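Dropping run30.pdb in here (PDB, C-alpha atoms):
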```pdb
ATOM      1  CA  MET A   1     -14.511 -11.551  -7.576
ATOM      2  CA  ALA A   2     -12.235  -8.763  -8.769
ATOM      3  CA  CYS A   3      -8.828  -9.738 -10.152
ATOM      4  CA  THR A   4      -6.581  -7.514  -8.015
ATOM      5  CA  PRO A   5      -7.854  -8.758  -4.637
ATOM      6  CA  SER A   6      -7.641 -12.365  -5.849
ATOM      7  CA  GLY A   7      -4.080 -11.718  -6.985
ATOM      8  CA  ILE A   8      -3.172 -10.283  -3.588
ATOM      9  CA  ILE A   9      -4.453 -13.413  -1.846
ATOM     10  CA  GLU A  10      -2.387 -15.522  -4.267
ATOM     11  CA  LEU A  11       0.666 -13.358  -3.541
ATOM     12  CA  LEU A  12       0.236 -13.762   0.228
ATOM     13  CA  ASP A  13      -0.127 -17.534  -0.199
ATOM     14  CA  ARG A  14       2.912 -17.871  -2.464
ATOM     15  CA  GLU A  15       5.054 -15.784  -0.106
ATOM     16  CA  LYS A  16       3.794 -17.896   2.817
ATOM     17  CA  ILE A  17       2.449 -14.847   4.655
ATOM     18  CA  PRO A  18      -0.169 -16.101   7.121
ATOM     19  CA  ILE A  19      -3.654 -14.619   6.849
ATOM     20  CA  SER A  20      -5.713 -16.605   9.358
ATOM     21  CA  GLY A  21      -5.803 -14.966  12.772
ATOM     22  CA  ARG A  22      -3.986 -11.843  11.539
ATOM     23  CA  HIS A  23      -5.201  -8.267  11.639
ATOM     24  CA  ALA A  24      -5.529  -6.850   8.134
ATOM     25  CA  VAL A  25      -6.163  -3.206   7.360
ATOM     26  CA  VAL A  26      -7.405  -2.191   3.918
ATOM     27  CA  ILE A  27      -7.099   1.510   3.074
ATOM     28  CA  GLY A  28      -9.661   2.093   0.360
ATOM     29  CA  ARG A  29     -13.339   1.317   0.080
ATOM     30  CA  SER A  30     -13.808   0.978  -3.665
ATOM     31  CA  ASP A  31     -16.062  -1.668  -5.153
ATOM     32  CA  ILE A  32     -13.163  -2.833  -7.362
ATOM     33  CA  VAL A  33     -10.384  -3.345  -4.775
ATOM     34  CA  GLY A  34     -11.159  -2.241  -1.221
ATOM     35  CA  LYS A  35     -14.417  -4.018  -0.443
ATOM     36  CA  PRO A  36     -13.613  -7.269  -2.314
ATOM     37  CA  MET A  37     -10.168  -7.338  -0.660
ATOM     38  CA  ALA A  38     -11.735  -7.052   2.771
ATOM     39  CA  LEU A  39     -14.162  -9.871   1.995
ATOM     40  CA  LEU A  40     -11.444 -12.210   0.701
ATOM     41  CA  LEU A  41      -9.353 -11.561   3.817
ATOM     42  CA  LEU A  42     -12.412 -12.202   6.019
ATOM     43  CA  HIS A  43     -13.030 -15.478   4.184
ATOM     44  CA  ARG A  44      -9.457 -16.473   5.057
ATOM     45  CA  ASP A  45     -10.124 -15.779   8.785
ATOM     46  CA  ALA A  46      -8.339 -12.438   9.093
ATOM     47  CA  THR A  47      -9.767  -9.720  11.300
ATOM     48  CA  VAL A  48     -10.312  -6.865   8.871
ATOM     49  CA  THR A  49     -10.548  -3.112   9.298
ATOM     50  CA  ILE A  50     -11.551  -0.991   6.302
ATOM     51  CA  CYS A  51     -10.257   2.591   6.295
ATOM     52  CA  HIS A  52     -10.153   5.482   3.844
ATOM     53  CA  SER A  53      -8.403   8.811   3.413
ATOM     54  CA  ARG A  54     -10.731  10.487   5.917
ATOM     55  CA  THR A  55     -10.439   7.887   8.681
ATOM     56  CA  PRO A  56      -9.504   9.667  11.932
ATOM     57  CA  ASN A  57      -6.097   8.593  13.276
ATOM     58  CA  LEU A  58      -5.405   6.651  10.079
ATOM     59  CA  ALA A  59      -1.731   6.039  10.862
ATOM     60  CA  GLU A  60      -2.617   4.704  14.314
ATOM     61  CA  VAL A  61      -5.228   2.308  12.909
ATOM     62  CA  CYS A  62      -2.788   1.071  10.267
ATOM     63  CA  ARG A  63       0.008   0.482  12.817
ATOM     64  CA  GLY A  64      -2.062  -2.363  14.253
ATOM     65  CA  ALA A  65      -2.014  -4.287  10.968
ATOM     66  CA  ASP A  66      -0.088  -7.462  10.312
ATOM     67  CA  ILE A  67      -1.196  -7.103   6.677
ATOM     68  CA  LEU A  68      -1.707  -3.613   5.245
ATOM     69  CA  VAL A  69      -3.282  -3.141   1.811
ATOM     70  CA  ALA A  70      -3.066   0.406   0.444
ATOM     71  CA  ALA A  71      -5.593   1.080  -2.318
ATOM     72  CA  VAL A  72      -6.618   4.669  -1.772
ATOM     73  CA  GLY A  73      -5.104   6.508  -4.750
ATOM     74  CA  ARG A  74      -2.885   9.013  -2.947
ATOM     75  CA  ALA A  75       0.800   9.096  -3.799
ATOM     76  CA  GLY A  76       2.990   8.246  -0.811
ATOM     77  CA  LEU A  77       0.151   8.519   1.727
ATOM     78  CA  VAL A  78       1.356   5.517   3.731
ATOM     79  CA  THR A  79       4.623   6.426   5.454
ATOM     80  CA  LYS A  80       6.684   4.347   7.862
ATOM     81  CA  THR A  81       4.679   5.809  10.783
ATOM     82  CA  PHE A  82       1.697   3.803   9.444
ATOM     83  CA  VAL A  83       3.491   0.457   9.527
ATOM     84  CA  LYS A  84       4.035  -2.035  12.319
ATOM     85  CA  PRO A  85       7.619  -3.358  12.088
ATOM     86  CA  GLY A  86       7.569  -6.626  10.164
ATOM     87  CA  ALA A  87       4.113  -6.129   8.616
ATOM     88  CA  ALA A  88       3.350  -7.221   5.069
ATOM     89  CA  VAL A  89       2.492  -4.141   2.996
ATOM     90  CA  ILE A  90       0.720  -4.471  -0.340
ATOM     91  CA  ASP A  91       0.704  -1.304  -2.446
ATOM     92  CA  VAL A  92      -2.126  -1.298  -4.979
ATOM     93  CA  GLY A  93      -1.842   2.429  -5.751
ATOM     94  CA  MET A  94      -0.985   3.668  -9.232
ATOM     95  CA  ASN A  95      -0.356   7.405  -9.169
ATOM     96  CA  LYS A  96       1.292   9.525 -11.857
ATOM     97  CA  VAL A  97       3.340  12.254 -10.184
ATOM     98  CA  THR A  98       4.001  15.360 -12.284
ATOM     99  CA  ASP A  99       4.813  17.835  -9.488
ATOM    100  CA  PRO A 100       8.572  18.154  -8.825
ATOM    101  CA  SER A 101       8.027  18.869  -5.113
ATOM    102  CA  VAL A 102       6.011  15.647  -4.704
ATOM    103  CA  ALA A 103       8.672  13.628  -6.535
ATOM    104  CA  GLN A 104      11.387  15.093  -4.304
ATOM    105  CA  SER A 105       9.356  14.316  -1.177
ATOM    106  CA  LEU A 106       9.158  10.666  -2.229
ATOM    107  CA  PHE A 107      12.699  10.031  -3.466
ATOM    108  CA  PRO A 108      16.041  11.229  -2.090
ATOM    109  CA  GLU A 109      18.539  12.959  -4.360
ATOM    110  CA  GLY A 110      20.293  10.405  -6.527
ATOM    111  CA  HIS A 111      17.423   7.885  -6.452
ATOM    112  CA  PRO A 112      16.833   6.303  -9.893
ATOM    113  CA  ARG A 113      13.099   7.077  -9.780
ATOM    114  CA  LEU A 114      13.873  10.784  -9.276
ATOM    115  CA  GLY A 115      16.054  10.531 -12.370
ATOM    116  CA  VAL A 116      13.117   9.042 -14.284
ATOM    117  CA  PHE A 117      10.972  11.955 -13.133
ATOM    118  CA  ARG A 118      13.529  14.505 -14.284
ATOM    119  CA  SER A 119      13.925  12.909 -17.714
ATOM    120  CA  LYS A 120      10.224  12.228 -18.411
ATOM    121  CA  GLY A 121       8.494  14.934 -16.369
ATOM    122  CA  SER A 122       6.515  12.295 -14.483
ATOM    123  CA  VAL A 123       6.966   9.096 -12.519
ATOM    124  CA  LEU A 124       4.621   6.291 -11.485
ATOM    125  CA  VAL A 125       4.362   5.808  -7.719
ATOM    126  CA  GLY A 126       2.188   3.880  -5.325
ATOM    127  CA  ASP A 127       0.188   4.808  -2.260
ATOM    128  CA  VAL A 128       3.080   3.670  -0.059
ATOM    129  CA  HIS A 129       6.069   5.953   0.488
ATOM    130  CA  PRO A 130       9.349   4.199  -0.422
ATOM    131  CA  GLU A 131      10.644   4.748   3.151
ATOM    132  CA  VAL A 132       8.238   2.005   4.297
ATOM    133  CA  ALA A 133      10.814  -0.541   3.086
ATOM    134  CA  GLU A 134      12.821   0.350   6.231
ATOM    135  CA  VAL A 135      10.169  -1.152   8.547
ATOM    136  CA  ALA A 136       8.010  -3.551   6.529
ATOM    137  CA  GLY A 137       8.662  -7.268   6.651
ATOM    138  CA  ALA A 138       7.481  -7.508   3.037
ATOM    139  CA  LEU A 139       6.615  -4.767   0.538
ATOM    140  CA  THR A 140       5.319  -5.051  -3.009
ATOM    141  CA  PRO A 141       7.251  -3.129  -5.664
ATOM    142  CA  VAL A 142       5.749  -0.372  -7.823
ATOM    143  CA  PRO A 143       6.148  -0.750 -11.606
ATOM    144  CA  GLU A 144       8.452   1.782 -13.263
ATOM    145  CA  ALA A 145       6.125   2.728 -16.107
TER     146      ALA A 145
END
```
Starting from the file, lay out its structure as structure tokens.
Amino acid sequence: MACTPSGIIELLDREKIPISGRHAVVIGRSDIVGKPMALLLLHRDATVTICHSRTPNLAEVCRGADILVAAVGRAGLVTKTFVKPGAAVIDVGMNKVTDPSVAQSLFPEGHPRLGVFRSKGSVLVGDVHPEVAEVAGALTPVPEA
């Protein structure tokens, strides 16, 4: 089994986030993360929905998730409108942003990550918009570099 999905299961276990009986939504259908993640969650008795960037009403589908795994490869795609209050959100995305307008849409003026962007000309972001922290019960951090 792929390492990232196995690591996510370990993370959920260590943080004592229940899987059995929960609704999990995985955004991403790759053979490396999306599909194996869905299978591991199924094996732990979650009800799993697999979505992708072209899923109709994506935000609505995601709002039903107790566990939301974003692995689609689109910077800031998952906003707080996608997230049920209190849900566990796992951000697998690794996106290098080089467009100033995208960086400004993700980080408010004065945010340290916007400062990183301005000094380096790029910043690493996930698939989950930082505003999701306002509603999520748990949210994985995105590495700085």
- request: Identify all residues satisfying the PyMOL selection byres ((chain A and resi 117-126) around 6) in the given file; provide them as a PyMOL selection string.
  value: chain A and resi 75+93-98+114-116+127-128
- prompt: How far is it from CA of Ser20 in chain A to CA of Thr47 in chain A, in Å with one decimal?
  reply: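 So the two atoms, CA of Ser20 in chain A and CA of Thr47 in chain A, lie 8.2 Å apart.
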task: For each of A:Gly34, A:Gly73, A:Gly21, A:Gly28, take the minimum atom-to-atom distance to Ala2 in chain A, counting only C-alpha atoms, then give the residue where this is smallest.
output: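 When distances to Ala2 in chain A are compared using only C-alpha atoms, the smallest one comes from A:Gly34.
CA of Arg44 in chain A to CA of Arg14 in chain A spans 14.5 Å [interatomic distance, one decimal].
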task: Measuring atom to atom with all atoms listed in the file, identify which of A:Glu144, A:Asp31, A:Glu109, A:Asp66 is nearest to Leu12 in chain A.
output: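 Selected residue with least distance to Leu12 in chain A: A:Asp66.
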Near Ala133 in chain A, counting all atoms listed in the file, which residues have an atom at most 9 Å away, once you skip same-chain residues fewer than 5 positions from it, shown as a PDB file with C-alpha atoms, keeping the file's coordinate frame?
```pdb
ATOM      1  CA  LYS A  80       6.684   4.347   7.862  1.00  0.00           C
ATOM      2  CA  ALA A 138       7.481  -7.508   3.037  1.00  0.00           C
ATOM      3  CA  LEU A 139       6.615  -4.767   0.538  1.00  0.00           C
TER       4      LEU A 139
END
```
message: Rounded to one decimal, what separation in Å do you get between CA of Val72 in chain A and CA of Asp91 in chain A?
response: 9.5 Å
Within 12 Å of Ser105 in chain A using all atoms listed in the file, minus same-chain residues under 5 positions, as a PyMOL selection string: chain A and resi 75-77+79+97+99-100+111+113-114+125+129-131
Taking C-alpha atoms for each residue, export the selection above as a compact mmCIF listing (two decimals), in the frame of the given file.
```txt
# COMPACT_ATOMS: atom_id res chain seq x y z
CA ALA A 75 0.80 9.10 -3.80
CA GLY A 76 2.99 8.25 -0.81
CA LEU A 77 0.15 8.52 1.73
CA THR A 79 4.62 6.43 5.45
CA VAL A 97 3.34 12.25 -10.18
CA ASP A 99 4.81 17.84 -9.49
CA PRO A 100 8.57 18.15 -8.82
CA HIS A 111 17.42 7.88 -6.45
CA ARG A 113 13.10 7.08 -9.78
CA LEU A 114 13.87 10.78 -9.28
CA VAL A 125 4.36 5.81 -7.72
CA HIS A 129 6.07 5.95 0.49
CA PRO A 130 9.35 4.20 -0.42
CA GLU A 131 10.64 4.75 3.15
```
query: What lies within 9 Å of Thr4 in chain A using all atoms listed in the file, ignoring chain neighbours under 4 positions off, as number ranges by chain?
result: A: 8-9, 32-33, 37, 92
Emit as AutoDock Vina command-line options the padded axis-aligned box for all listed atoms of range 121-137 of chain A, 8 Å per side, with centre and edge lengths in Å to one decimal.
```
--center_x 6.5 --center_y 3.8 --center_z -3.9 --size_x 28.6 --size_y 38.2 --size_z 40.9
```
Determine the residue membership of the PyMOL selection byres ((chain A and resi 41) around 12) for the file above and supply it as a short mmCIF file (atom, residue, chain, number, x, y, z; two decimals) with C-alpha atoms, in the coordinates of the input.
```cif
data_model
loop_
_atom_site.label_atom_id
_atom_site.label_comp_id
_atom_site.auth_asym_id
_atom_site.auth_seq_id
_atom_site.Cartn_x
_atom_site.Cartn_y
_atom_site.Cartn_z
CA PRO A 5 -7.85 -8.76 -4.64
CA SER A 6 -7.64 -12.36 -5.85
CA ILE A 8 -3.17 -10.28 -3.59
CA ILE A 9 -4.45 -13.41 -1.85
CA GLU A 10 -2.39 -15.52 -4.27
CA LEU A 12 0.24 -13.76 0.23
CA ASP A 13 -0.13 -17.53 -0.20
CA PRO A 18 -0.17 -16.10 7.12
CA ILE A 19 -3.65 -14.62 6.85
CA SER A 20 -5.71 -16.60 9.36
CA GLY A 21 -5.80 -14.97 12.77
CA ARG A 22 -3.99 -11.84 11.54
CA HIS A 23 -5.20 -8.27 11.64
CA ALA A 24 -5.53 -6.85 8.13
CA VAL A 25 -6.16 -3.21 7.36
CA VAL A 26 -7.40 -2.19 3.92
CA VAL A 33 -10.38 -3.34 -4.78
CA GLY A 34 -11.16 -2.24 -1.22
CA LYS A 35 -14.42 -4.02 -0.44
CA PRO A 36 -13.61 -7.27 -2.31
CA MET A 37 -10.17 -7.34 -0.66
CA ALA A 38 -11.74 -7.05 2.77
CA LEU A 39 -14.16 -9.87 2.00
CA LEU A 40 -11.44 -12.21 0.70
CA LEU A 42 -12.41 -12.20 6.02
CA HIS A 43 -13.03 -15.48 4.18
CA ARG A 44 -9.46 -16.47 5.06
CA ASP A 45 -10.12 -15.78 8.78
CA ALA A 46 -8.34 -12.44 9.09
CA THR A 47 -9.77 -9.72 11.30
CA VAL A 48 -10.31 -6.86 8.87
CA THR A 49 -10.55 -3.11 9.30
CA ILE A 50 -11.55 -0.99 6.30
CA ILE A 67 -1.20 -7.10 6.68
CA LEU A 68 -1.71 -3.61 5.24
CA VAL A 69 -3.28 -3.14 1.81
#
```
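Residues selected in this file by the PyMOL selection byres ((chain A and resi 135) around 7) comprise Lys80, Val83, Pro85, Gly86, Val132, Ala133, Glu134, Ala136 and Gly137 of chain A.
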Take the residues from that selection and put them in a file with C-alpha atoms, as a tab-separated table (two decimals), in the coordinates of the input.
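Writing done, so here's out-v7.tsv:
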```tsv
chain	number	residue	atom	x	y	z
A	80	LYS	CA	6.68	4.35	7.86
A	83	VAL	CA	3.49	0.46	9.53
A	85	PRO	CA	7.62	-3.36	12.09
A	86	GLY	CA	7.57	-6.63	10.16
A	132	VAL	CA	8.24	2.00	4.30
A	133	ALA	CA	10.81	-0.54	3.09
A	134	GLU	CA	12.82	0.35	6.23
A	136	ALA	CA	8.01	-3.55	6.53
A	137	GLY	CA	8.66	-7.27	6.65
```
